[in-house]
Amino acid sequence: MPFIPHTEEDVTEMLASIGATSIDELFDEIPAELKNGKLTQVPTGMSEMEISRLMYERAQKDGFYLSFIGAGAYEHHIPAAVWQITTRGEFYSSYTPYQAEASQGTLQLLYEYQTMMASLAGMDVSNASLYDGASALAEAALMAVRQHKSSRRILVPQTVHPIYRSVVRTIVRNQAIEVVEVPYDPATGQVSIDQLDQFAQEEFAALIIPQPNFFGVLEQVDTLADWAHDKQSLAIAVVNPTALAMLKPPGEWGRQGADIAVGEGQPLGIPLSSGGPYFGFMACKQELVRQMPGRIIGRTTDLEGKEGFALTLQAREQHIRRSKATSNICTNQGLMVTAATIYMSLLGPEGLYRVAAQSHANTLALVEQLETLPGVKKAFHSPFFHEAVLQLSVPADEVLNKLKAQGVLGGVLLENYYPDLKNTLLVCATETKIAEDLDKYTEMLRQILKA
Amino acid sequence: MPFIPHTEEDVTEMLASIGATSIDELFDEIPAELKNGKLTQVPTGMSEMEISRLMYERAQKDGFYLSFIGAGAYEHHIPAAVWQITTRGEFYSSYTPYQAEASQGTLQLLYEYQTMMASLAGMDVSNASLYDGASALAEAALMAVRQHKSSRRILVPQTVHPIYRSVVRTIVRNQAIEVVEVPYDPATGQVSIDQLDQFAQEEFAALIIPQPNFFGVLEQVDTLADWAHDKQSLAIAVVNPTALAMLKPPGEWGRQGADIAVGEGQPLGIPLSSGGPYFGFMACKQELVRQMPGRIIGRTTDLEGKEGFALTLQAREQHIRRSKATSNICTNQGLMVTAATIYMSLLGPEGLYRVAAQSHANTLALVEQLETLPGVKKAFHSPFFHEAVLQLSVPADEVLNKLKAQGVLGGVLLENYYPDLKNTLLVCATETKIAEDLDKYTEMLRQILKA
Amino acid sequence: MLIFEHSRKNRLNYSQAPATRPAKNNIPDNLKRKSAPLLPEVSEMDTVRHYTRLSQKNFSIDTEFYPLGSCTMKYNPRACNALAMLPQFLSRHPLAPEDTGQGFLACMYELQEILKDVTGMSAVSLTSMAGAQGELIGITMIRAYHEARGDTERTEIIIPDAAHGTNPATAVMCGYKVIEIPTDRDGDVDMEALKAAVSPRTAGLMLTNPSTLGVFEKKVAEMSRVVHEAGGLLYYDGANLNAVLGKVKPGDMGFDVIHMNLHKTFSTPHGGGGPGAAPVGVADCLLPYLPIPIVAHEQGVYRWLTEKDRPQSIGRLSAHMGNAGVLLRAYIYVRLLGAEGMFRIAEYATLNANYLLAELRKLGFEIAYPSRRASHEFIVTMKEIKDKTGVTAMHLAKRLLDKGFHAPTVYFPLLVPECLLIEPAETESKETLDRFVVAMKEILDEIDTQPEMVKTAPHNMPLRKIDDVKAARELDLVWNPAG
Amino acid sequence: MLIFEHSRKNRLNYSQAPATRPAKNNIPDNLKRKSAPLLPEVSEMDTVRHYTRLSQKNFSIDTEFYPLGSCTMKYNPRACNALAMLPQFLSRHPLAPEDTGQGFLACMYELQEILKDVTGMSAVSLTSMAGAQGELIGITMIRAYHEARGDTERTEIIIPDAAHGTNPATAVMCGYKVIEIPTDRDGDVDMEALKAAVSPRTAGLMLTNPSTLGVFEKKVAEMSRVVHEAGGLLYYDGANLNAVLGKVKPGDMGFDVIHMNLHKTFSTPHGGGGPGAAPVGVADCLLPYLPIPIVAHEQGVYRWLTEKDRPQSIGRLSAHMGNAGVLLRAYIYVRLLGAEGMFRIAEYATLNANYLLAELRKLGFEIAYPSRRASHEFIVTMKEIKDKTGVTAMHLAKRLLDKGFHAPTVYFPLLVPECLLIEPAETESKETLDRFVVAMKEILDEIDTQPEMVKTAPHNMPLRKIDDVKAARELDLVWNPAG
Ligand SMILES: Cc1ncc(COP(=O)(O)O)c(C=O)c1O
Ligand SMILES: Cc1ncc(COP(=O)(O)O)c(C=O)c1O
């Protein structure tokens, strides 16, 4: 019996101890009419050899592509050490560290993570993770509303990742919180102050500020943060953690810095793997810490004064405060944070900077090359980080299909999210791309556009 | 600097402590004319990302094949747990367990291995590994000569793996030990007693007995072992460890059992990986233990009487006995034995039996199917384990090439090793093959033979 | 020692990053970062060494028995990890076209089908990343259902007092008021209280069955009737599905929506706190509201259903499709076990729990619901022991660590004083359970003869008891180089 | 607890084997096994748990500083392991046709070329699976060389007394008589003794340079001349190549044949005792005798050279081509480091050794060859301390374990009494070396104030000092169920 260690003798002895005659008898409190015991859609079991073969076949079928897709999930080199350590049984198969003395490994690592993440974001504190970037943004919105007290409205630029906006809506709607969208400037691809100023007279709990935004474009974060603070709204940053190595951190935006910074942690050593598991990070100012959802680890001492770590501020959490908790979150994305912490330790500040800078430089080079092709131009005239929007003169979906047939994933079709942006591609070239890759893309696109 | 943790300041401080002004100065005892310092064939360093890409590309190039090759290295399912545990840093990156107190993990594991391997072979004791099956056989030959004292000749049937014979020759020749080959019976593919009896009047230190032999054929091991013992020669078994789950173990061959059993440990959880690293196993009777080469672990106690493990019988080894050691072996194949031990623990006696039995059954089925094709027949009429020799009516090398072009590796061309066995293939179907695989092979071969 | 304390200024670890800073940089000056973040500057080896050593300070299923009630700490097959991490799966971008992911999508589709069967629900969405998010989805759907019917006066969710904290927290997060109802002395929901609680304001009831008290709620059919008659819907917290897998299906019990914790019942690893995955299943009435994406299989091709296919969907809960890698692990796990394995899980989890209950009862431990069968878990209360000796459930928990066992869940559910919620899970052998019983016996003896030993535990761990009061009072959440 | 003690009769773990015994079985009855072998019957989880826990009882480079002299315990980059274990590499059969392994063979060919350059030799064979086998190959080639010239009276191999035990053992295994020559007080080979030892019977000299005393043999050129003039050949034991990598090439020093331990200098892991890989390089005179297979690159295609290409080859030493997976790891390592990295290895290994030497000398430890530079390692002798206090090198070694450091090599080389051979390797940081110095200082103080503490070490390990006398006297090499 796979994974069941009992021998027949064991079962006999155990039933005798219980005083039952069969395992079935142990289910005797379940009303007979509720018993089912039929599974018609579950195939019979496979040996590990059989399932391995099946999974290898499926993996082979999916294959490998040269990908220029970003849009919220980024291909970065992941040091081999990251997952070899992360999948060690002691990290992989332990539970949430409720028993601190038996979980110092996880707890210390999370404390180190909090330190790194808070510093990366330029904030005072960080939690130990949320589900993903999108849900972290929703939690930040709820947090802002709790903190602000008077307004239940959140201002969200359309330059924020469209799916993030959709997730925020799904989650905050239940609490009758209104999401108000701010259009972007079609020339720059940024939230313009002009657009924002139409809302100058209204009250909002928070303004969400993406950096870089969904188009890869850099927003004027100082101006936006100050705009929010000027009207007593909170400023919520939604940022790319790799970019933070190069870009001014949210804690330094404008006169007083953003209040909350959230984002998708995936770029920090987490494989793309069809969308998850990733992790959401959240850092904030000290004054907001008690509003922050999720696990938080604190450094303390043991009976004898030795340094140790424990879950802390649990009074915010559902298992203590139940209906009065700051959030319902319980299980988070611990293992992903383990990987991210090891990743950040291996890279260090200069390593992460170079990853960011090389990604930036590669995308600059790609855009420059592609722009030389007739029928291709940049959609926006603003600085960007490691993604950019290209306007094609021909149907972009067909171009993507032709590239795909040659093993290249050429980017994301923006009109799926922005119906106005017809025939535009969002392209991304991280540090994993080399000159030959950029040339290959350029050459293929040249041929396709010629045909 | 990859893997060099020194900062410039460190270097300055360290040199100051040493009293040197530069690192170069530390090399001042090396005569100037010997200093070289040029490397023209070593490319500049790569980042981990770059080498990863290169290695993925090379791996993709080599691809996957449906393989029916055996001939001394066998494709078996390897449970995922085996290598996830084996590559844990504590096993992977530790040295030979010279400091017993800091190496109880490795030492206990090796003691467990010795127990399993000795039992599998039906022998009293086992060492902790040798390099591979072939060199283990050479060591067994040397051991027999040391033990026998009077003869420096070894009798080796031609049914022993041809490369093993070649390795034995390379190694024993230096000590003026003569390897005498016994031809096999062309009808049965076995060593026949008739053939052996020509050597009845000569003295030999040992007779080597393969089971199964290189043709996959089962030898009459009882008769052979008794023949050897009757003339005061040692009987050396060279066996497949998977087969030992089904076949009579060497310790029970004939009236008194083989004296030494050796073989290739690869089938026990070691990946094929182009030929290595594998490991050689060696087990023997208690009386021979002090002649055995290689590390041996003993169970003992610590100061306080607690059970513990340590290297033992080191007085046989080169680091103590130097020129009088039983062998020069020092580093062995420890990590492979770690994997094999975990493999055997996961499989257990019944699991290993089933692997063996399924491999046997699959090869039976394959041979049966292929024999139905016109122009294909079994070369030998003897029972076999999980390999068999097929005689083709057409040039076998061309057949193999055509199969390969369709992604199938159809076996080993025997005439490379046995010039007389023209157009014969040695084929193998382990438990990893399913009915569709056998059908695929059969169908392809049918088409090829038809054309 | 913290990783930061191994750090040295300007130590570089070039193998993991481009060899130099690139020449091109178009970031406007006013948007540039001015000072480097506090990431450690440590060699690759020292990083490996630091985190390898840290890992050794954890208890885990791979190293210890971990009878943490409500958490279903069972063996996480290593094959699930290895196969879910095949490079093609890892490197696939979530927005890569569907035809480049048919292998992956086939697994997801089959998992949906399997989960439907196992739970007896009409449809399943895989998007939820943990139990609590599953609840959020479920309650959001209940809200959508009532709203679609114009039934806007339903403002209350009924929840038994034994429920996990996520239930009331979720209800509130979804804008509902929580009506808590008590448990009777046998561990069942107080039926009279339930009847009294339902009203036209009732949006739904959240129920865990088997409950967190470790017993099967026998009157579930009647509860379903009561709630449905009042116009409410029934939510099934499937965290305890392990106890009845294949044996009883939530759909048959009358539930309209459920979540199941794959990181419990389906053996995906807890990872020191996550990630999980908690697919949500619905009866027909809620099908239109199911969150997207969902995998469809049409003419031999797998594709994601989106807003266009499901206009009434409550929408998305994650940027992509949830914890895909966790779902893959669960898929591999079910395929390994097969239908027959599903039944066995329930049977042997139940056997192990009842055996441990019987053995501990024989030692003299007080069982919270002595008249009941254990499902996959059960509760011991230390109330009497505490009153007599001052030794609490927490003391005993810490002493168990000394003996090489992870502690059971303590102080949950809240309604049983000084409780230990013990869940052995089906993958533990009788020998391990017996060793645990011996340890419990030793502690019982120690409580008699040297209670201080127990009260001051742990003694054999790398640290003595951690001061978590200090942790909360003198908040130290990030390391500061200044010290 | 041994794995066998977790075993229970008839416990099955079906996931790892076919679900049933197949029907077909043609094994003749007289060849069948009658009783099952003593393999444990343990659940998958308990196997994982057992070996995971066992692993935690090891010191290793991934967890501790490991200054084991002569063993070059340096960081084993995790990428080398990950990339060498790509499924295509793992699944390739050694007898698969060469055209199905061009990716793999390209790596092997390039490794040969790189090693030729690094050592200054004319050709390299990768076949040897460890240093000792490399020696066997080398000495076998020397024999083949003399034999080919009809020079059959050469029956002696000269070996300095400081040599590793494998050298004399190898010479004897190859049928030679060993002539041991002494070391002078500066740690160099005694030149006069060497001159006296050479004769028409001299087949060759085996030399380690830098020697196992941790010093560079300055007169190597003269030694080469002396031996060559006598008609002998020069063998280089490359176990210590790390100290001079790229800086000095054995070929330039006049060696005719060398082996290099990739599991030292090229950072392939020691794996608790192996596997290693020890490619052998030769000068022109020995080229025809090099063992096969060797990878050739002809017209853009890689192929193995066999007996047909190399009729004078001494033949094969392994069933296939040696430890391919280890060679892959070494290949990846060199490509990561590049030429510049090779030089750095020698430089920083030397820096670390000389720094540690300087610091320990300052503490008052006696350096065996105080007038010499350390190469990558050096020797401390406890002779005086032992005479005064009774504390031996072994005592100190055990006490170091208590302090979280692996011990240096003790009692080797045999000619220095009470010696500690200390090799820090280049991947250790100054902070780690400094912590080690602190530990050595503490022990020195303990020797003064509480020598018993040191003599009875270890105290903080899972076990106290192991009784290895008992291990050898009461041989217990396999577990017996009877007890
Ligand atoms: C009964 C019960 N409900 C809900 C949850 C919440 O699940 P999760 O932690 O995955 O959010 C848990 C898990 O702790 C639980 O035990
Ligand atoms: C100087 C020296 N020579 C030879 C050897 C033997 O190498 P191996 O252990 O790889 O056989 C060693 C390794 O221990 C060594 O240190």
# chains A, B, ... in the order shown; residues from 1 in each chain; ligands from 1
$ interface_residues --of "chain D" --to "chain A" --cutoff "6 Å" --atoms "only C-alpha atoms" --output "PyMOL selection string"
chain D and resi 11+13-16+43+78-79
$ write_last_selection --atoms "N, CA, C and O atoms" --output "mmCIF file, in the first residue's frame"
data_model
loop_
_atom_site.group_PDB
_atom_site.id
_atom_site.type_symbol
_atom_site.label_atom_id
_atom_site.label_comp_id
_atom_site.auth_asym_id
_atom_site.auth_seq_id
_atom_site.Cartn_x
_atom_site.Cartn_y
_atom_site.Cartn_z
ATOM 1 N N ARG D 11 5.922 -5.846 5.168
ATOM 2 C CA ARG D 11 5.536 -4.480 4.858
ATOM 3 C C ARG D 11 5.986 -4.190 3.432
ATOM 4 O O ARG D 11 7.125 -4.475 3.064
ATOM 5 N N ASN D 13 6.047 -1.602 -0.069
ATOM 6 C CA ASN D 13 6.154 -0.195 -0.421
ATOM 7 C C ASN D 13 5.977 -0.120 -1.924
ATOM 8 O O ASN D 13 6.888 0.187 -2.662
ATOM 9 N N TYR D 14 4.780 -0.477 -2.343
ATOM 10 C CA TYR D 14 4.522 -0.753 -3.746
ATOM 11 C C TYR D 14 4.837 0.345 -4.749
ATOM 12 O O TYR D 14 5.075 0.063 -5.904
ATOM 13 N N SER D 15 4.816 1.565 -4.365
ATOM 14 C CA SER D 15 5.022 2.631 -5.338
ATOM 15 C C SER D 15 6.334 2.498 -6.081
ATOM 16 O O SER D 15 6.505 3.057 -7.146
ATOM 17 N N GLN D 16 7.274 1.815 -5.500
ATOM 18 C CA GLN D 16 8.599 1.733 -6.111
ATOM 19 C C GLN D 16 8.829 0.452 -6.885
ATOM 20 O O GLN D 16 9.944 0.198 -7.328
ATOM 21 N N SER D 43 8.618 1.712 5.434
ATOM 22 C CA SER D 43 7.819 2.560 4.549
ATOM 23 C C SER D 43 8.710 3.593 3.867
ATOM 24 O O SER D 43 9.806 3.893 4.344
ATOM 25 N N ARG D 78 26.999 24.074 -6.284
ATOM 26 C CA ARG D 78 25.735 23.352 -6.448
ATOM 27 C C ARG D 78 25.325 23.269 -7.919
ATOM 28 O O ARG D 78 24.612 22.364 -8.318
ATOM 29 N N ALA D 79 25.774 24.218 -8.725
ATOM 30 C CA ALA D 79 25.423 24.182 -10.145
ATOM 31 C C ALA D 79 26.054 22.972 -10.820
ATOM 32 O O ALA D 79 25.461 22.381 -11.725
#
$ residues_around --residues "segment 4-9 of chain C" --least-positions-apart "3" --cutoff "10 Å" --atoms "only C-alpha atoms" --output "ChimeraX atom specification"
/A:112,115-116,345,348 /B:5-10 /C:1,12,38-43,46-47,50,479-481 /D:429,431-432
$ write_last_selection --atoms "C-alpha atoms" --output "mmCIF file, in the first residue's frame"
data_model
loop_
_atom_site.group_PDB
_atom_site.id
_atom_site.type_symbol
_atom_site.label_atom_id
_atom_site.label_comp_id
_atom_site.auth_asym_id
_atom_site.auth_seq_id
_atom_site.Cartn_x
_atom_site.Cartn_y
_atom_site.Cartn_z
ATOM 1 C CA GLU A 112 16.347 37.614 7.558
ATOM 2 C CA THR A 115 15.090 42.506 6.877
ATOM 3 C CA MET A 116 16.069 42.141 3.240
ATOM 4 C CA SER A 345 21.807 36.139 -0.185
ATOM 5 C CA GLY A 348 23.846 40.351 -2.732
ATOM 6 C CA PRO B 5 35.314 35.134 -0.503
ATOM 7 C CA HIS B 6 38.229 37.504 0.067
ATOM 8 C CA THR B 7 37.749 41.216 -0.086
ATOM 9 C CA GLU B 8 40.674 43.486 -0.883
ATOM 10 C CA GLU B 9 40.887 44.477 2.748
ATOM 11 C CA ASP B 10 41.056 40.850 3.780
ATOM 12 C CA MET C 1 24.469 34.080 13.650
ATOM 13 C CA LEU C 12 31.141 39.813 -4.662
ATOM 14 C CA LEU C 38 20.756 45.677 3.010
ATOM 15 C CA LEU C 39 21.343 42.372 1.286
ATOM 16 C CA PRO C 40 24.153 40.230 2.635
ATOM 17 C CA GLU C 41 27.544 40.142 0.895
ATOM 18 C CA VAL C 42 28.464 36.567 1.567
ATOM 19 C CA SER C 43 30.248 33.940 -0.488
ATOM 20 C CA ASP C 46 28.856 30.568 3.184
ATOM 21 C CA THR C 47 25.313 31.100 1.963
ATOM 22 C CA HIS C 50 24.317 29.131 6.535
ATOM 23 C CA TRP C 479 17.905 43.497 11.704
ATOM 24 C CA ASN C 480 19.689 46.754 12.074
ATOM 25 C CA PRO C 481 23.408 46.960 11.287
ATOM 26 C CA SER D 429 36.752 33.358 4.221
ATOM 27 C CA GLU D 431 36.359 35.296 9.156
ATOM 28 C CA THR D 432 36.128 31.532 9.187
#
$ select_by_dssp --residues "segment 228-417 of chain A" --states "alpha helix (DSSP H)" --output "ChimeraX atom specification"
/A:228-230,318-321,334-371,396-405
$ atom_distance --atom1 "atom CA of Ala346 of chain D" --atom2 "atom CA of Tyr411 of chain D"
25.3 Å
$ closest_atom_pairs --of "chain C" --to "chain D" --cutoff "6 Å" --atoms "only C-alpha atoms" --output "JSON lines"
{"residue": "C:Met45", "atom": "CA", "partner": "D:Tyr75", "partner_atom": "CA", "distance": 5.8}
{"residue": "C:Arg49", "atom": "CA", "partner": "D:Asp62", "partner_atom": "CA", "distance": 4.8}
{"residue": "C:Arg53", "atom": "CA", "partner": "D:Thr63", "partner_atom": "CA", "distance": 5.9}
{"residue": "C:Asp62", "atom": "CA", "partner": "D:Arg49", "partner_atom": "CA", "distance": 4.8}
{"residue": "C:Thr63", "atom": "CA", "partner": "D:Arg49", "partner_atom": "CA", "distance": 4.9}
{"residue": "C:Tyr75", "atom": "CA", "partner": "D:Met45", "partner_atom": "CA", "distance": 5.8}
$ write_last_selection --atoms "N, CA, C and O atoms" --output "PDB file, in the first residue's frame"
ATOM      1  N   MET C  45      29.539  29.738  -0.900  1.00  0.00           N
ATOM      2  CA  MET C  45      29.665  28.643   0.049  1.00  0.00           C
ATOM      3  C   MET C  45      29.089  29.006   1.394  1.00  0.00           C
ATOM      4  O   MET C  45      28.404  28.200   2.023  1.00  0.00           O
ATOM      5  N   ARG C  49      26.181  27.145   3.331  1.00  0.00           N
ATOM      6  CA  ARG C  49      26.436  26.621   4.670  1.00  0.00           C
ATOM      7  C   ARG C  49      25.443  27.197   5.685  1.00  0.00           C
ATOM      8  O   ARG C  49      24.882  26.465   6.507  1.00  0.00           O
ATOM      9  N   ARG C  53      22.685  24.802   7.456  1.00  0.00           N
ATOM     10  CA  ARG C  53      22.687  24.656   8.913  1.00  0.00           C
ATOM     11  C   ARG C  53      21.387  25.148   9.512  1.00  0.00           C
ATOM     12  O   ARG C  53      20.854  24.532  10.448  1.00  0.00           O
ATOM     13  N   ASP C  62       9.976  15.063   7.319  1.00  0.00           N
ATOM     14  CA  ASP C  62      11.090  14.229   6.856  1.00  0.00           C
ATOM     15  C   ASP C  62      12.033  13.834   7.980  1.00  0.00           C
ATOM     16  O   ASP C  62      12.954  13.037   7.750  1.00  0.00           O
ATOM     17  N   THR C  63      11.844  14.426   9.146  1.00  0.00           N
ATOM     18  CA  THR C  63      12.746  14.077  10.244  1.00  0.00           C
ATOM     19  C   THR C  63      12.025  13.634  11.528  1.00  0.00           C
ATOM     20  O   THR C  63      12.592  12.876  12.297  1.00  0.00           O
ATOM     21  N   TYR C  75       3.357  12.148   4.934  1.00  0.00           N
ATOM     22  CA  TYR C  75       4.514  12.072   4.044  1.00  0.00           C
ATOM     23  C   TYR C  75       4.243  12.813   2.729  1.00  0.00           C
ATOM     24  O   TYR C  75       3.197  12.652   2.127  1.00  0.00           O
TER      25      TYR C  75
END
$ residues_around --residues "Ser119 of chain B" --least-positions-apart "6" --cutoff "10 Å" --atoms "only C-alpha atoms" --output "list in words"
Tyr113, Val125, Ser126, Leu244, Pro249, Gly251 and Ala283 of chain B; Ala36, Pro37, Leu38, Leu39, Val478, Trp479 and Asn480 of chain D
$ residues_near_ligand --ligand "ligand 1" --cutoff "10 Å" --atoms "only C-alpha atoms and all ligand atoms" --output "JSON list (two decimals) with C-alpha atoms, in the first residue's frame"
[["chain", "number", "residue", "atom", "x", "y", "z"],
["A", 95, "TYR", "CA", 4.61, 23.28, 9.02],
["A", 96, "THR", "CA", 4.11, 26.91, 9.94],
["A", 318, "GLN", "CA", -7.31, 34.97, 12.60],
["A", 319, "HIS", "CA", -6.28, 32.14, 14.88],
["A", 328, "ASN", "CA", -8.15, 35.73, 7.08],
["A", 329, "ILE", "CA", -4.76, 34.63, 5.75],
["A", 330, "CYS", "CA", -3.27, 31.62, 7.48],
["A", 331, "THR", "CA", -1.09, 29.42, 5.23],
["A", 332, "ASN", "CA", 1.11, 31.73, 3.18],
["C", 68, "LEU", "CA", -0.17, 18.58, 14.56],
["C", 69, "GLY", "CA", -3.93, 18.45, 14.70],
["C", 70, "SER", "CA", -5.89, 20.02, 11.87],
["C", 71, "CYS", "CA", -2.73, 20.17, 9.76],
["C", 72, "THR", "CA", -2.54, 16.64, 8.36],
["C", 128, "SER", "CA", -7.28, 29.30, -4.60],
["C", 129, "MET", "CA", -3.84, 29.42, -3.00],
["C", 130, "ALA", "CA", -4.77, 28.32, 0.50],
["C", 131, "GLY", "CA", -7.70, 27.29, 2.61],
["C", 132, "ALA", "CA", -8.48, 30.80, 3.75],
["C", 133, "GLN", "CA", -8.57, 32.00, 0.18],
["C", 134, "GLY", "CA", -10.84, 29.09, -0.68],
["C", 135, "GLU", "CA", -13.18, 30.30, 2.02],
["C", 136, "LEU", "CA", -13.03, 33.82, 0.66],
["C", 162, "ALA", "CA", -15.29, 25.10, 17.11],
["C", 163, "ALA", "CA", -14.47, 26.48, 13.68],
["C", 164, "HIS", "CA", -11.01, 27.42, 12.58],
["C", 165, "GLY", "CA", -10.22, 31.13, 12.94],
["C", 166, "THR", "CA", -10.14, 31.57, 9.20],
["C", 167, "ASN", "CA", -13.91, 30.98, 9.01],
["C", 170, "THR", "CA", -13.28, 35.22, 6.11],
["C", 207, "LEU", "CA", -19.10, 23.88, 8.66],
["C", 208, "THR", "CA", -16.07, 21.67, 9.07],
["C", 209, "ASN", "CA", -16.92, 17.98, 9.01],
["C", 210, "PRO", "CA", -15.32, 16.03, 10.57],
["C", 211, "SER", "CA", -15.08, 19.03, 12.82],
["C", 212, "THR", "CA", -11.96, 20.46, 14.38],
["C", 213, "LEU", "CA", -13.00, 18.55, 17.49],
["C", 236, "TYR", "CA", -17.83, 23.02, 3.70],
["C", 237, "ASP", "CA", -14.41, 23.72, 5.17],
["C", 238, "GLY", "CA", -12.57, 20.76, 3.72],
["C", 239, "ALA", "CA", -9.46, 21.02, 5.83],
["C", 240, "ASN", "CA", -10.41, 17.70, 7.40],
["C", 241, "LEU", "CA", -11.31, 15.84, 4.25],
["C", 259, "HIS", "CA", -12.69, 24.07, -0.39],
["C", 260, "MET", "CA", -10.19, 21.31, 0.16],
["C", 261, "ASN", "CA", -6.66, 21.87, 1.38],
["C", 262, "LEU", "CA", -4.39, 20.03, -1.02],
["C", 263, "HIS", "CA", -1.55, 20.87, 1.35],
["C", 264, "LYS", "CA", -3.23, 18.62, 3.84],
["C", 270, "HIS", "CA", 3.68, 22.75, 3.97],
["C", 273, "GLY", "CA", 4.14, 27.80, 6.17],
["C", 274, "GLY", "CA", 3.08, 27.34, 2.58],
["C", 275, "PRO", "CA", 2.43, 27.42, -0.31],
["C", 276, "GLY", "CA", -0.86, 25.60, -0.23],
["C", 277, "ALA", "CA", -3.60, 25.16, -2.76],
["C", 278, "ALA", "CA", -7.26, 24.93, -1.95],
["C", 412, "PHE", "CA", -7.17, 25.04, 19.47],
["C", 413, "PRO", "CA", -10.11, 24.58, 19.25]]
$ closest_residue --among "B:Phe64, B:Tyr131, B:Phe309, B:Phe27" --to "chain A" --atoms "only C-alpha atoms"
B:Phe64
$ decode --residues "segment 416-422 of chain D" --atoms "N, CA, C and O atoms" --output "mmCIF file, in the first residue's frame"
data_model
loop_
_atom_site.group_PDB
_atom_site.id
_atom_site.type_symbol
_atom_site.label_atom_id
_atom_site.label_comp_id
_atom_site.auth_asym_id
_atom_site.auth_seq_id
_atom_site.Cartn_x
_atom_site.Cartn_y
_atom_site.Cartn_z
ATOM 1 N N VAL D 416 56.381 13.117 10.456
ATOM 2 C CA VAL D 416 56.335 14.186 11.456
ATOM 3 C C VAL D 416 55.538 13.683 12.657
ATOM 4 O O VAL D 416 54.375 13.324 12.514
ATOM 5 N N PRO D 417 56.135 13.671 13.830
ATOM 6 C CA PRO D 417 55.424 13.129 14.996
ATOM 7 C C PRO D 417 54.255 14.033 15.392
ATOM 8 O O PRO D 417 54.355 15.265 15.292
ATOM 9 N N GLU D 418 53.189 13.420 15.830
ATOM 10 C CA GLU D 418 52.024 14.157 16.360
ATOM 11 C C GLU D 418 51.632 15.311 15.445
ATOM 12 O O GLU D 418 51.467 16.444 15.886
ATOM 13 N N CYS D 419 51.489 14.996 14.193
ATOM 14 C CA CYS D 419 51.269 16.091 13.256
ATOM 15 C C CYS D 419 49.801 16.341 12.947
ATOM 16 O O CYS D 419 48.953 15.455 13.040
ATOM 17 N N LEU D 420 49.537 17.582 12.640
ATOM 18 C CA LEU D 420 48.239 18.040 12.133
ATOM 19 C C LEU D 420 48.536 18.661 10.771
ATOM 20 O O LEU D 420 49.284 19.640 10.694
ATOM 21 N N LEU D 421 47.958 18.087 9.742
ATOM 22 C CA LEU D 421 48.175 18.626 8.401
ATOM 23 C C LEU D 421 46.949 19.483 8.073
ATOM 24 O O LEU D 421 45.839 18.969 7.965
ATOM 25 N N ILE D 422 47.171 20.769 7.943
ATOM 26 C CA ILE D 422 46.051 21.716 7.890
ATOM 27 C C ILE D 422 45.940 22.354 6.512
ATOM 28 O O ILE D 422 46.878 22.992 6.036
#
